[in-house]
Structures are given as C-alpha cells and as structure tokens.
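Dropping data.cif in here (mmCIF, C-alpha atoms):
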data_coords
#
loop_
_atom_site.group_PDB
_atom_site.id
_atom_site.type_symbol
_atom_site.label_atom_id
_atom_site.label_comp_id
_atom_site.auth_asym_id
_atom_site.auth_seq_id
_atom_site.Cartn_x
_atom_site.Cartn_y
_atom_site.Cartn_z
ATOM 1 C CA MET A 1 -15.473 -64.759 -28.000
ATOM 2 C CA SER A 2 -13.972 -68.095 -29.028
ATOM 3 C CA GLU A 3 -15.147 -71.400 -27.590
ATOM 4 C CA GLN A 4 -13.695 -72.065 -24.158
ATOM 5 C CA ILE A 5 -11.425 -75.088 -23.824
ATOM 6 C CA THR A 6 -11.250 -77.303 -20.738
ATOM 7 C CA LEU A 7 -7.862 -78.919 -20.253
ATOM 8 C CA ASP A 8 -6.420 -81.386 -17.820
ATOM 9 C CA PRO A 9 -3.752 -79.663 -15.653
ATOM 10 C CA SER A 10 -1.082 -81.775 -17.323
ATOM 11 C CA GLN A 11 -2.002 -80.150 -20.642
ATOM 12 C CA TYR A 12 -1.534 -76.550 -19.474
ATOM 13 C CA PRO A 13 0.792 -74.696 -21.845
ATOM 14 C CA ASP A 14 4.198 -73.715 -20.532
ATOM 15 C CA THR A 15 3.817 -69.953 -20.848
ATOM 16 C CA THR A 16 7.558 -69.498 -20.529
ATOM 17 C CA GLN A 17 7.899 -71.150 -23.935
ATOM 18 C CA LEU A 18 4.907 -69.633 -25.731
ATOM 19 C CA VAL A 19 5.559 -66.795 -28.145
ATOM 20 C CA GLN A 20 4.743 -63.380 -26.711
ATOM 21 C CA GLU A 21 3.403 -60.510 -28.789
ATOM 22 C CA ASP A 22 6.383 -58.301 -27.941
ATOM 23 C CA ASP A 23 9.423 -59.319 -25.930
ATOM 24 C CA THR A 24 11.420 -56.131 -26.430
ATOM 25 C CA PRO A 25 12.162 -53.654 -23.633
ATOM 26 C CA LEU A 26 10.104 -50.522 -23.151
ATOM 27 C CA ASP A 27 11.104 -47.551 -25.280
ATOM 28 C CA SER A 28 11.482 -45.139 -22.384
ATOM 29 C CA PHE A 29 11.388 -44.691 -18.638
ATOM 30 C CA ILE A 30 8.336 -42.465 -19.117
ATOM 31 C CA ASN A 31 6.324 -45.424 -20.412
ATOM 32 C CA GLU A 32 7.458 -47.487 -17.450
ATOM 33 C CA LYS A 33 6.439 -44.738 -15.024
ATOM 34 C CA GLN A 34 3.090 -44.356 -16.752
ATOM 35 C CA GLN A 35 2.411 -48.072 -16.391
ATOM 36 C CA ARG A 36 3.257 -48.027 -12.692
ATOM 37 C CA LEU A 37 1.092 -44.955 -12.141
ATOM 38 C CA LEU A 38 -1.892 -46.863 -13.528
ATOM 39 C CA THR A 39 -1.225 -50.033 -11.521
ATOM 40 C CA GLU A 40 0.262 -49.031 -8.178
ATOM 41 C CA VAL A 41 -2.356 -46.359 -7.543
ATOM 42 C CA LEU A 42 -5.035 -49.070 -7.316
ATOM 43 C CA SER A 43 -3.135 -51.041 -4.693
ATOM 44 C CA GLY A 44 -5.503 -51.251 -1.741
ATOM 45 C CA TYR A 45 -8.237 -49.399 -3.661
ATOM 46 C CA GLU A 46 -11.765 -50.809 -3.499
ATOM 47 C CA LEU A 47 -13.894 -51.146 -6.614
ATOM 48 C CA ASN A 48 -17.634 -51.764 -6.709
ATOM 49 C CA ASP A 49 -18.175 -52.504 -3.022
ATOM 50 C CA GLY A 50 -14.923 -54.365 -2.559
ATOM 51 C CA ILE A 51 -15.142 -56.965 -5.324
ATOM 52 C CA PRO A 52 -11.741 -58.496 -6.183
ATOM 53 C CA PHE A 53 -9.845 -57.387 -9.260
ATOM 54 C CA ILE A 54 -6.503 -57.642 -10.999
ATOM 55 C CA VAL A 55 -4.662 -54.688 -12.498
ATOM 56 C CA ALA A 56 -1.365 -55.543 -14.154
ATOM 57 C CA ALA A 57 1.225 -54.291 -16.620
ATOM 58 C CA ASN A 58 2.959 -56.305 -19.353
ATOM 59 C CA VAL A 59 1.255 -59.601 -18.478
ATOM 60 C CA GLY A 60 0.398 -61.887 -21.387
ATOM 61 C CA ILE A 61 -3.260 -62.678 -22.086
ATOM 62 C CA PHE A 62 -3.884 -65.992 -23.864
ATOM 63 C CA ARG A 63 -7.178 -66.258 -25.721
ATOM 64 C CA THR A 64 -6.701 -69.926 -26.639
ATOM 65 C CA VAL A 65 -3.933 -72.484 -26.410
ATOM 66 C CA ARG A 66 -3.263 -72.161 -30.137
ATOM 67 C CA HIS A 67 -2.879 -68.385 -30.229
ATOM 68 C CA PRO A 68 0.140 -66.467 -28.960
ATOM 69 C CA ALA A 69 -0.422 -64.058 -26.112
ATOM 70 C CA ILE A 70 -1.154 -60.405 -26.561
ATOM 71 C CA VAL A 71 0.560 -58.253 -23.936
ATOM 72 C CA PRO A 72 -1.298 -55.022 -23.085
ATOM 73 C CA ASP A 73 0.552 -52.263 -21.330
ATOM 74 C CA ILE A 74 -2.183 -52.328 -18.681
ATOM 75 C CA PHE A 75 -5.255 -54.450 -18.111
ATOM 76 C CA LEU A 76 -7.914 -54.487 -15.423
ATOM 77 C CA SER A 77 -10.158 -57.469 -14.747
ATOM 78 C CA LEU A 78 -12.970 -57.662 -12.198
ATOM 79 C CA ASN A 79 -14.098 -60.615 -10.071
ATOM 80 C CA VAL A 80 -10.795 -62.460 -10.407
ATOM 81 C CA THR A 81 -7.805 -63.004 -8.141
ATOM 82 C CA VAL A 82 -4.256 -64.189 -8.668
ATOM 83 C CA ALA A 83 -3.168 -67.510 -7.207
ATOM 84 C CA ASP A 84 -1.286 -67.574 -3.918
ATOM 85 C CA SER A 85 1.492 -69.672 -5.464
ATOM 86 C CA TRP A 86 3.559 -68.956 -8.580
ATOM 87 C CA ASP A 87 4.619 -72.584 -8.985
ATOM 88 C CA ARG A 88 1.607 -73.469 -11.123
ATOM 89 C CA ARG A 89 2.120 -72.869 -14.827
ATOM 90 C CA ASP A 90 -1.530 -71.855 -15.333
ATOM 91 C CA VAL A 91 -1.256 -68.738 -13.178
ATOM 92 C CA ARG A 92 1.857 -67.109 -14.633
ATOM 93 C CA SER A 93 -0.177 -65.402 -17.367
ATOM 94 C CA TYR A 94 -3.805 -64.511 -17.893
ATOM 95 C CA LEU A 95 -5.397 -67.607 -19.462
ATOM 96 C CA LEU A 96 -8.958 -66.812 -20.500
ATOM 97 C CA TRP A 97 -10.103 -70.412 -20.061
ATOM 98 C CA GLU A 98 -8.769 -70.435 -16.502
ATOM 99 C CA PHE A 99 -10.023 -67.049 -15.333
ATOM 100 C CA GLY A 100 -13.309 -67.634 -17.143
ATOM 101 C CA LYS A 101 -13.605 -64.129 -18.533
ATOM 102 C CA PRO A 102 -11.643 -61.441 -20.379
ATOM 103 C CA PRO A 103 -10.419 -58.263 -18.687
ATOM 104 C CA GLU A 104 -12.853 -55.362 -18.691
ATOM 105 C CA ILE A 105 -10.222 -52.807 -19.765
ATOM 106 C CA ALA A 106 -7.066 -53.046 -21.858
ATOM 107 C CA ILE A 107 -4.806 -49.996 -22.209
ATOM 108 C CA GLU A 108 -2.077 -49.514 -24.797
ATOM 109 C CA ILE A 109 0.455 -46.690 -24.454
ATOM 110 C CA VAL A 110 1.794 -45.737 -27.856
ATOM 111 C CA SER A 111 5.570 -45.469 -27.906
ATOM 112 C CA PRO A 112 7.826 -43.805 -30.509
ATOM 113 C CA THR A 113 7.656 -47.153 -32.331
ATOM 114 C CA PRO A 114 3.893 -47.852 -32.658
ATOM 115 C CA GLY A 115 2.839 -51.474 -32.166
ATOM 116 C CA ASN A 116 -0.354 -51.876 -34.194
ATOM 117 C CA GLU A 117 -2.476 -50.288 -31.464
ATOM 118 C CA LEU A 118 -5.146 -49.380 -34.020
ATOM 119 C CA GLY A 119 -4.423 -52.382 -36.234
ATOM 120 C CA SER A 120 -4.040 -56.008 -35.196
ATOM 121 C CA LYS A 121 -4.491 -55.275 -31.497
ATOM 122 C CA PHE A 122 -7.803 -53.643 -32.296
ATOM 123 C CA THR A 123 -8.980 -56.983 -33.660
ATOM 124 C CA ASP A 124 -7.290 -59.154 -31.027
ATOM 125 C CA TYR A 125 -8.875 -57.396 -28.066
ATOM 126 C CA ALA A 126 -12.294 -57.526 -29.735
ATOM 127 C CA LEU A 127 -11.928 -61.289 -30.271
ATOM 128 C CA MET A 128 -11.009 -61.657 -26.600
ATOM 129 C CA GLY A 129 -14.164 -59.830 -25.596
ATOM 130 C CA VAL A 130 -12.431 -56.962 -23.780
ATOM 131 C CA MET A 131 -15.245 -54.464 -23.149
ATOM 132 C CA TYR A 132 -13.153 -51.265 -23.196
ATOM 133 C CA TYR A 133 -10.018 -50.669 -25.242
ATOM 134 C CA VAL A 134 -7.956 -47.553 -24.493
ATOM 135 C CA VAL A 135 -5.218 -46.132 -26.705
ATOM 136 C CA TYR A 136 -3.092 -43.462 -25.041
ATOM 137 C CA ASP A 137 -0.907 -41.630 -27.555
ATOM 138 C CA PRO A 138 1.009 -38.963 -25.582
ATOM 139 C CA LEU A 139 3.470 -38.247 -28.412
ATOM 140 C CA GLY A 140 0.872 -38.017 -31.168
ATOM 141 C CA GLU A 141 2.339 -40.926 -33.120
ATOM 142 C CA LEU A 142 -1.039 -42.141 -34.412
ATOM 143 C CA SER A 143 -3.196 -39.019 -34.452
ATOM 144 C CA ASP A 144 -3.683 -35.628 -32.853
ATOM 145 C CA ARG A 145 -5.947 -37.214 -30.231
ATOM 146 C CA PRO A 146 -3.888 -38.277 -27.209
ATOM 147 C CA LEU A 147 -6.649 -40.429 -25.739
ATOM 148 C CA GLN A 148 -8.999 -42.698 -27.683
ATOM 149 C CA ILE A 149 -11.426 -45.043 -25.953
ATOM 150 C CA PHE A 150 -13.477 -47.750 -27.629
ATOM 151 C CA GLN A 151 -16.355 -49.885 -26.389
ATOM 152 C CA LEU A 152 -17.264 -53.345 -27.644
ATOM 153 C CA GLN A 153 -20.651 -53.463 -29.353
ATOM 154 C CA GLY A 154 -21.797 -56.416 -31.419
ATOM 155 C CA GLY A 155 -18.302 -57.868 -31.472
ATOM 156 C CA ARG A 156 -16.747 -54.660 -32.835
ATOM 157 C CA TYR A 157 -15.225 -51.592 -31.235
ATOM 158 C CA VAL A 158 -16.974 -48.259 -31.571
ATOM 159 C CA PRO A 159 -15.604 -44.933 -30.284
ATOM 160 C CA LYS A 160 -16.660 -44.062 -26.765
ATOM 161 C CA THR A 161 -17.564 -40.410 -26.260
ATOM 162 C CA ASP A 162 -16.790 -40.270 -22.540
ATOM 163 C CA THR A 163 -14.026 -41.550 -20.265
ATOM 164 C CA TRP A 164 -16.160 -43.243 -17.587
ATOM 165 C CA PHE A 165 -16.386 -47.047 -17.271
ATOM 166 C CA PRO A 166 -19.595 -47.906 -15.408
ATOM 167 C CA LEU A 167 -18.762 -51.610 -15.202
ATOM 168 C CA VAL A 168 -15.590 -50.789 -13.302
ATOM 169 C CA ASP A 169 -16.762 -47.676 -11.429
ATOM 170 C CA LEU A 170 -13.648 -45.837 -12.567
ATOM 171 C CA GLY A 171 -12.753 -43.314 -15.226
ATOM 172 C CA LEU A 172 -9.633 -42.045 -16.961
ATOM 173 C CA THR A 173 -8.410 -38.482 -17.217
ATOM 174 C CA LEU A 174 -5.394 -36.596 -18.541
ATOM 175 C CA TRP A 175 -3.712 -34.908 -15.591
ATOM 176 C CA ARG A 176 -0.936 -32.351 -15.692
ATOM 177 C CA GLY A 177 1.353 -32.675 -12.699
ATOM 178 C CA VAL A 178 4.404 -34.237 -11.108
ATOM 179 C CA PHE A 179 4.826 -37.974 -10.651
ATOM 180 C CA GLU A 180 8.124 -39.224 -9.205
ATOM 181 C CA SER A 181 9.800 -35.867 -9.852
ATOM 182 C CA VAL A 182 8.724 -35.792 -13.514
ATOM 183 C CA SER A 183 6.380 -32.998 -14.574
ATOM 184 C CA ASP A 184 4.279 -34.084 -17.527
ATOM 185 C CA THR A 185 0.787 -34.947 -18.682
ATOM 186 C CA TRP A 186 -0.176 -38.346 -17.251
ATOM 187 C CA LEU A 187 -3.035 -40.748 -17.859
ATOM 188 C CA ARG A 188 -4.685 -41.412 -14.516
ATOM 189 C CA TRP A 189 -7.644 -43.221 -13.002
ATOM 190 C CA CYS A 190 -10.330 -40.944 -11.606
ATOM 191 C CA ASP A 191 -13.685 -41.068 -9.839
ATOM 192 C CA ALA A 192 -17.055 -40.016 -11.237
ATOM 193 C CA GLU A 193 -16.329 -36.353 -10.424
ATOM 194 C CA GLY A 194 -13.029 -36.432 -12.286
ATOM 195 C CA ASN A 195 -10.861 -36.446 -9.150
ATOM 196 C CA VAL A 196 -7.721 -38.502 -9.697
ATOM 197 C CA ILE A 197 -7.197 -41.563 -7.512
ATOM 198 C CA PRO A 198 -4.275 -40.456 -5.325
ATOM 199 C CA THR A 199 -0.942 -42.243 -5.211
ATOM 200 C CA VAL A 200 0.644 -43.345 -1.939
ATOM 201 C CA GLU A 201 2.949 -40.323 -2.109
ATOM 202 C CA GLU A 202 0.004 -37.972 -2.655
ATOM 203 C CA LEU A 203 -1.887 -39.508 0.254
ATOM 204 C CA ALA A 204 1.200 -39.114 2.447
ATOM 205 C CA ALA A 205 1.549 -35.481 1.356
ATOM 206 C CA ARG A 206 -2.110 -34.829 2.151
ATOM 207 C CA LEU A 207 -1.685 -36.429 5.576
ATOM 208 C CA SER A 208 1.425 -34.359 6.221
ATOM 209 C CA GLN A 209 -0.390 -31.188 5.146
ATOM 210 C CA THR A 210 -3.351 -32.053 7.388
ATOM 211 C CA GLN A 211 -1.033 -32.678 10.319
ATOM 212 C CA SER A 212 0.772 -29.391 9.663
ATOM 213 C CA GLN A 213 -2.533 -27.544 9.510
ATOM 214 C CA LEU A 214 -3.637 -29.249 12.723
ATOM 215 C CA THR A 215 -0.395 -28.300 14.432
ATOM 216 C CA GLU A 216 -0.742 -24.726 13.204
ATOM 217 C CA SER A 217 -4.328 -24.625 14.483
ATOM 218 C CA GLU A 218 -3.200 -25.952 17.853
ATOM 219 C CA VAL A 219 -0.490 -23.281 18.043
ATOM 220 C CA GLN A 220 -2.998 -20.570 17.116
ATOM 221 C CA LEU A 221 -5.438 -21.905 19.723
ATOM 222 C CA SER A 222 -2.713 -21.921 22.343
ATOM 223 C CA GLN A 223 -1.751 -18.345 21.467
ATOM 224 C CA THR A 224 -5.405 -17.292 21.619
ATOM 225 C CA GLN A 225 -5.799 -18.934 25.015
ATOM 226 C CA LEU A 226 -2.697 -17.141 26.272
ATOM 227 C CA GLN A 227 -3.999 -13.828 24.958
ATOM 228 C CA LEU A 228 -7.382 -14.493 26.563
ATOM 229 C CA THR A 229 -5.760 -15.400 29.884
ATOM 230 C CA GLU A 230 -3.655 -12.249 29.761
ATOM 231 C CA ALA A 231 -6.736 -10.136 29.000
ATOM 232 C CA GLN A 232 -8.613 -11.778 31.872
ATOM 233 C CA ASN A 233 -5.724 -11.095 34.232
ATOM 234 C CA GLN A 234 -5.625 -7.468 33.170
ATOM 235 C CA THR A 235 -9.374 -7.149 33.686
ATOM 236 C CA LYS A 236 -9.123 -8.789 37.120
ATOM 237 C CA GLN A 237 -6.350 -6.429 38.189
ATOM 238 C CA ALA A 238 -8.361 -3.430 37.045
ATOM 239 C CA LEU A 239 -11.430 -4.620 38.975
ATOM 240 C CA LEU A 240 -9.386 -5.347 42.099
ATOM 241 C CA GLN A 241 -7.832 -1.895 41.965
ATOM 242 C CA GLY A 242 -11.300 -0.363 41.775
ATOM 243 C CA ILE A 243 -12.575 -2.539 44.633
ATOM 244 C CA GLN A 244 -9.577 -1.691 46.821
ATOM 245 C CA LEU A 245 -10.084 2.014 46.245
ATOM 246 C CA GLY A 246 -13.828 1.715 46.881
ATOM 247 C CA LEU A 247 -13.338 -0.224 50.144
ATOM 248 C CA GLN A 248 -10.890 2.343 51.438
ATOM 249 C CA LEU A 249 -13.055 5.299 50.486
ATOM 250 C CA LYS A 250 -16.277 3.843 51.941
ATOM 251 C CA PHE A 251 -15.054 1.897 54.948
ATOM 252 C CA GLY A 252 -11.577 3.256 55.619
ATOM 253 C CA ASN A 253 -8.808 0.924 56.712
ATOM 254 C CA ALA A 254 -11.416 -1.512 58.031
ATOM 255 C CA GLY A 255 -12.569 -2.083 54.463
ATOM 256 C CA LEU A 256 -9.140 -3.326 53.499
ATOM 257 C CA ASP A 257 -9.461 -6.206 56.008
ATOM 258 C CA ILE A 258 -11.590 -8.215 53.544
ATOM 259 C CA PHE A 259 -9.627 -7.236 50.452
ATOM 260 C CA GLY A 260 -7.438 -10.353 50.827
ATOM 261 C CA GLU A 261 -10.548 -12.545 50.530
ATOM 262 C CA ILE A 262 -11.746 -10.653 47.461
ATOM 263 C CA SER A 263 -8.294 -10.833 45.827
ATOM 264 C CA ALA A 264 -8.546 -14.650 45.732
ATOM 265 C CA ILE A 265 -11.699 -14.510 43.563
ATOM 266 C CA ASP A 266 -11.110 -15.398 39.873
ATOM 267 C CA ASP A 267 -14.713 -15.036 38.685
ATOM 268 C CA LEU A 268 -14.734 -11.762 36.760
ATOM 269 C CA ASN A 269 -18.514 -11.553 36.843
ATOM 270 C CA LEU A 270 -18.487 -11.822 40.623
ATOM 271 C CA LEU A 271 -15.784 -9.186 40.899
ATOM 272 C CA GLN A 272 -17.907 -6.944 38.666
ATOM 273 C CA THR A 273 -20.885 -7.539 40.983
ATOM 274 C CA ILE A 274 -18.771 -6.613 44.043
ATOM 275 C CA THR A 275 -17.640 -3.415 42.314
ATOM 276 C CA SER A 276 -21.219 -2.415 41.584
ATOM 277 C CA SER A 277 -22.394 -3.355 45.107
ATOM 278 C CA LEU A 278 -19.902 -1.055 46.800
ATOM 279 C CA LEU A 279 -22.227 1.809 45.937
ATOM 280 C CA THR A 280 -25.280 0.277 47.671
ATOM 281 C CA VAL A 281 -24.159 -1.948 50.604
ATOM 282 C CA ASP A 282 -24.331 -0.479 54.101
ATOM 283 C CA GLY A 283 -21.676 -2.626 55.767
ATOM 284 C CA LEU A 284 -18.808 -5.011 55.198
ATOM 285 C CA GLU A 285 -20.848 -8.050 56.241
ATOM 286 C CA ASP A 286 -23.416 -7.262 53.573
ATOM 287 C CA LEU A 287 -20.589 -7.123 51.049
ATOM 288 C CA ARG A 288 -19.123 -10.414 52.269
ATOM 289 C CA LYS A 289 -22.506 -12.137 51.817
ATOM 290 C CA ILE A 290 -22.344 -11.275 48.138
ATOM 291 C CA TYR A 291 -19.207 -13.250 47.386
ATOM 292 C CA LEU A 292 -19.628 -15.964 50.024
ATOM 293 C CA SER A 293 -23.170 -16.925 49.040
#

Reformat the file's structure so that it appears as structure tokens.
Amino acid sequence: MSEQITLDPSQYPDTTQLVQEDDTPLDSFINEKQQRLLTEVLSGYELNDGIPFIVAANVGIFRTVRHPAIVPDIFLSLNVTVADSWDRRDVRSYLLWEFGKPPEIAIEIVSPTPGNELGSKFTDYALMGVMYYVVYDPLGELSDRPLQIFQLQGGRYVPKTDTWFPLVDLGLTLWRGVFESVSDTWLRWCDAEGNVIPTVEELAARLSQTQSQLTESEVQLSQTQLQLTEAQNQTKQALLQGIQLGLQLKFGNAGLDIFGEISAIDDLNLLQTITSSLLTVDGLEDLRKIYLS
C-alpha cells in the first residue's frame, strides 16, 4: 500500500470535482439489480459477531489525493462506519487515509463493454491493498469462467480456488432463481454451508409460508379434536346404552332410577368400570359407591 497522508480538514479534496474512473450509466438493468442484490441483502445482517461494516455499490475509492478514484461495482469493508452527516466532504467517498484501511472485498461485474477488469483494475486494487478481488462475468465477455476470485499475496493477486472469505465470514455462490421477477443466474452472498443470505422478500415469503403451515396445522389439530370428541361421544352413548339395558335387566325399573346420575358421567373409563361391575354387584347402592367414590 502507498504511504498514508494526514491532511488538515481544510485540505480535503472536493470529491465532487475529482475525476472518477467511470461516470457513464450502467449498461443494463440486470447489472443494477445484481448490484442491489449484493448490497441490500446485507442490510441488518451481522458479520463476525456484529462488527460494523460498509457494503456499497458505485462509490469511489480514493487511494491517495493525487490519484483519481476507482469505482468498484461492489465493495465490502469491515470495522468501518459511514458518517452520520453527508455535509462533510471527506465522507462522500471512500478515502483510504480517512477510513484507515482498504475494503476487504471488491467486486466487478463485467458488462457488454468490459472495463479493464483484468487489466488496470487488477493493478489498482492490488495497490490499494484490497484482500479479495472478484470478477463476475455473467455474459462470458472475458472468458468462459463466469466467476473468478483472486487473493492478495505478496502485493500481487493470485487465483483463489474457493469462494469463501474467512476474514469476512461470508462466501459467494452462483444461484439460479428469481430476483424481482427476473429469472436468471445471480451472484449471491452465502454462508459456510453454501446457503444464500436471504433477501427481505425471501424472508417475508418464508414467514408467510411458516404462518400458512402453522394455520394449516391448527386447522388439522382442530379437525382431529372434533373427530376425537365425536368418537368419545359415540363411545359414551354406546356405554350408556349398555348400562341402561343392564340396569333394567338386573334391577328392573328400580335400576333406571340411578341412570340419570350415570348419564351425567363423562369419564369413559368410569363408565367402562360401571358396565363391567353390573355383572358382579349385588345391589344399586353397591353400584352407586363405584361412581360416587
């Protein structure tokens, strides 16, 4: 990295006047969507036990006062925060001498008009000290490899054989799916197991699905309870019919005098006991002791 420069606030460069690497519009809406997918998905996400970070798209990074900014499509920088006021000129772009460190990751998305992603930018990001440089080439403009990742070693970039960034506790993966009604292959952040970090819409869909499943489970439980209650009622009626017949056969009309008391019993086990006892009890009082005890 170049020597850091300490300036008096009055000497801060006016970044609105400095030359940017590329001040032309994006080539397509797809690129714009891809950038938002990589930035918005980390809104509210915690990295490395909640340490602060900045993830941004199309923000100029100034290595020194004398060099024009380079503007990555996406960058991610740990242990830094943006200022709470945009009035200061030193916070409108990423000034290395102010933030005290380069971003950990810079991502370039190759458009139909390549912008030196494997040329001058390769050198610029290395001079800045960006640890990981990612080139995403969805249209195959540069090579037949849609995703190339490089890691800084000894001041130079070397190809990285995996897509996991241990310093950031995040990875990248190519994901086929729908984002904002567009079905395509997207570059997405992922965890160590390769699971994509969900968007707000995906989280909302998961919540809705969970709520629907919960509602369905509640309905099924309610139906089961109704079926169980109906089965219990049918069993009770069958037991009462047996008890009524048994009382009449064993004790005549006198046996029916206590049937009203027995009919108020809801305990099926007790009703089953009464049914069995009709064969052995000698009198109605003995029978009453069974269900009154």

_Separation of CA of Leu278 (chain A) from CA of Leu247 (chain A) in Å_ = 7.4 Å

_Using the chain letters and numbers from this file, what does the PyMOL selection byres ((chain A and resi 274) around 9) select? Give the answer as a PyMOL selection string._
chain A and resi 243+262+269-273+275-278+287+290-291

*Extract, using only C-alpha atoms, all DNA, RNA and protein residues at most 12 Å from Asp49 (chain A), discarding same-chain residues fewer than 6 positions from it, and format them as a PyMOL selection string.*
chain A and resi 78-79+168-169

Could those residues be written to a file, using C-alpha atoms, as a CSV table (one decimal), keeping the file's coordinate frame?
chain,number,residue,atom,x,y,z
A,78,LEU,CA,-13.0,-57.7,-12.2
A,79,ASN,CA,-14.1,-60.6,-10.1
A,168,VAL,CA,-15.6,-50.8,-13.3
A,169,ASP,CA,-16.8,-47.7,-11.4

Step by step, gather every atom of region 246-250 of chain A that the file lists, find the box along x, y and z that holds them, add 8 Å on each side, and finally give centre and edge lengths in Å to one decimal, as JSON.
{"center_x": -13.6, "center_y": 2.5, "center_z": 49.4, "size_x": 21.4, "size_y": 21.5, "size_z": 21.1}

*Pull out every residue that the PyMOL selection byres ((chain A and resi 57) around 7) matches in the shown coordinates and put them as a PyMOL selection string.*
chain A and resi 35+56+58-59+72-75

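Among A:Leu292, A:Ile70, A:Val110, A:Leu118, the residue with the shortest atom-to-atom distance to Leu95 (chain A), counting only C-alpha atoms, is A:Ile70.
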
*Just give me the gap between CA of Val158 (chain A) and CA of Thr64 (chain A) in Å, one decimal is fine.*
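CA of Val158 (chain A) sits 24.5 Å away from CA of Thr64 (chain A).
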
*What residues come out when you apply the PyMOL selection byres ((chain A and resi 129) around 9) to this file, written as a list in words?*
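Those residues are Met1, Ser2, Lys101, Pro102, Pro103, Glu104, Asp124, Tyr125, Ala126, Leu127, Met128, Val130, Met131, Tyr132, Leu152 and Gly155 of chain A.
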
*Considering all atoms listed in the file, state which residue in the set A:Ile30, A:Gln148, A:Ser93, A:Leu47 is at the smallest distance from Asp191 (chain A).*
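Closest residue, counting all atoms listed in the file: A:Leu47.
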
_Using all atoms listed in the file: which of A:Leu174, A:Ala231, A:Ile109, A:Val55 has the shortest distance to Glu141 (chain A)_ = A:Ile109

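With all atoms listed in the file as the atoms that count, the minimum distance from Ser111 (chain A) to the choices A:Glu193, A:Gly252, A:Leu142, A:Val82 is reached by A:Leu142.
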
_Atom-to-atom span, CA of Glu40 (chain A) and CA of Ile197 (chain A), Å_ = 10.6 Å

_When you count only C-alpha atoms, which of these residues is closest to Ala192 (chain A): A:Val134, A:Leu42, A:Leu207, A:Leu172?_
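Ranked by minimum distance to Ala192 (chain A), first place goes to A:Leu172.
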
_Under the rule that all atoms listed in the file are counted, which of A:Gln209, A:Gln248, A:Thr199, A:Thr224 is the nearest residue to Leu284 (chain A)?_
A:Gln248
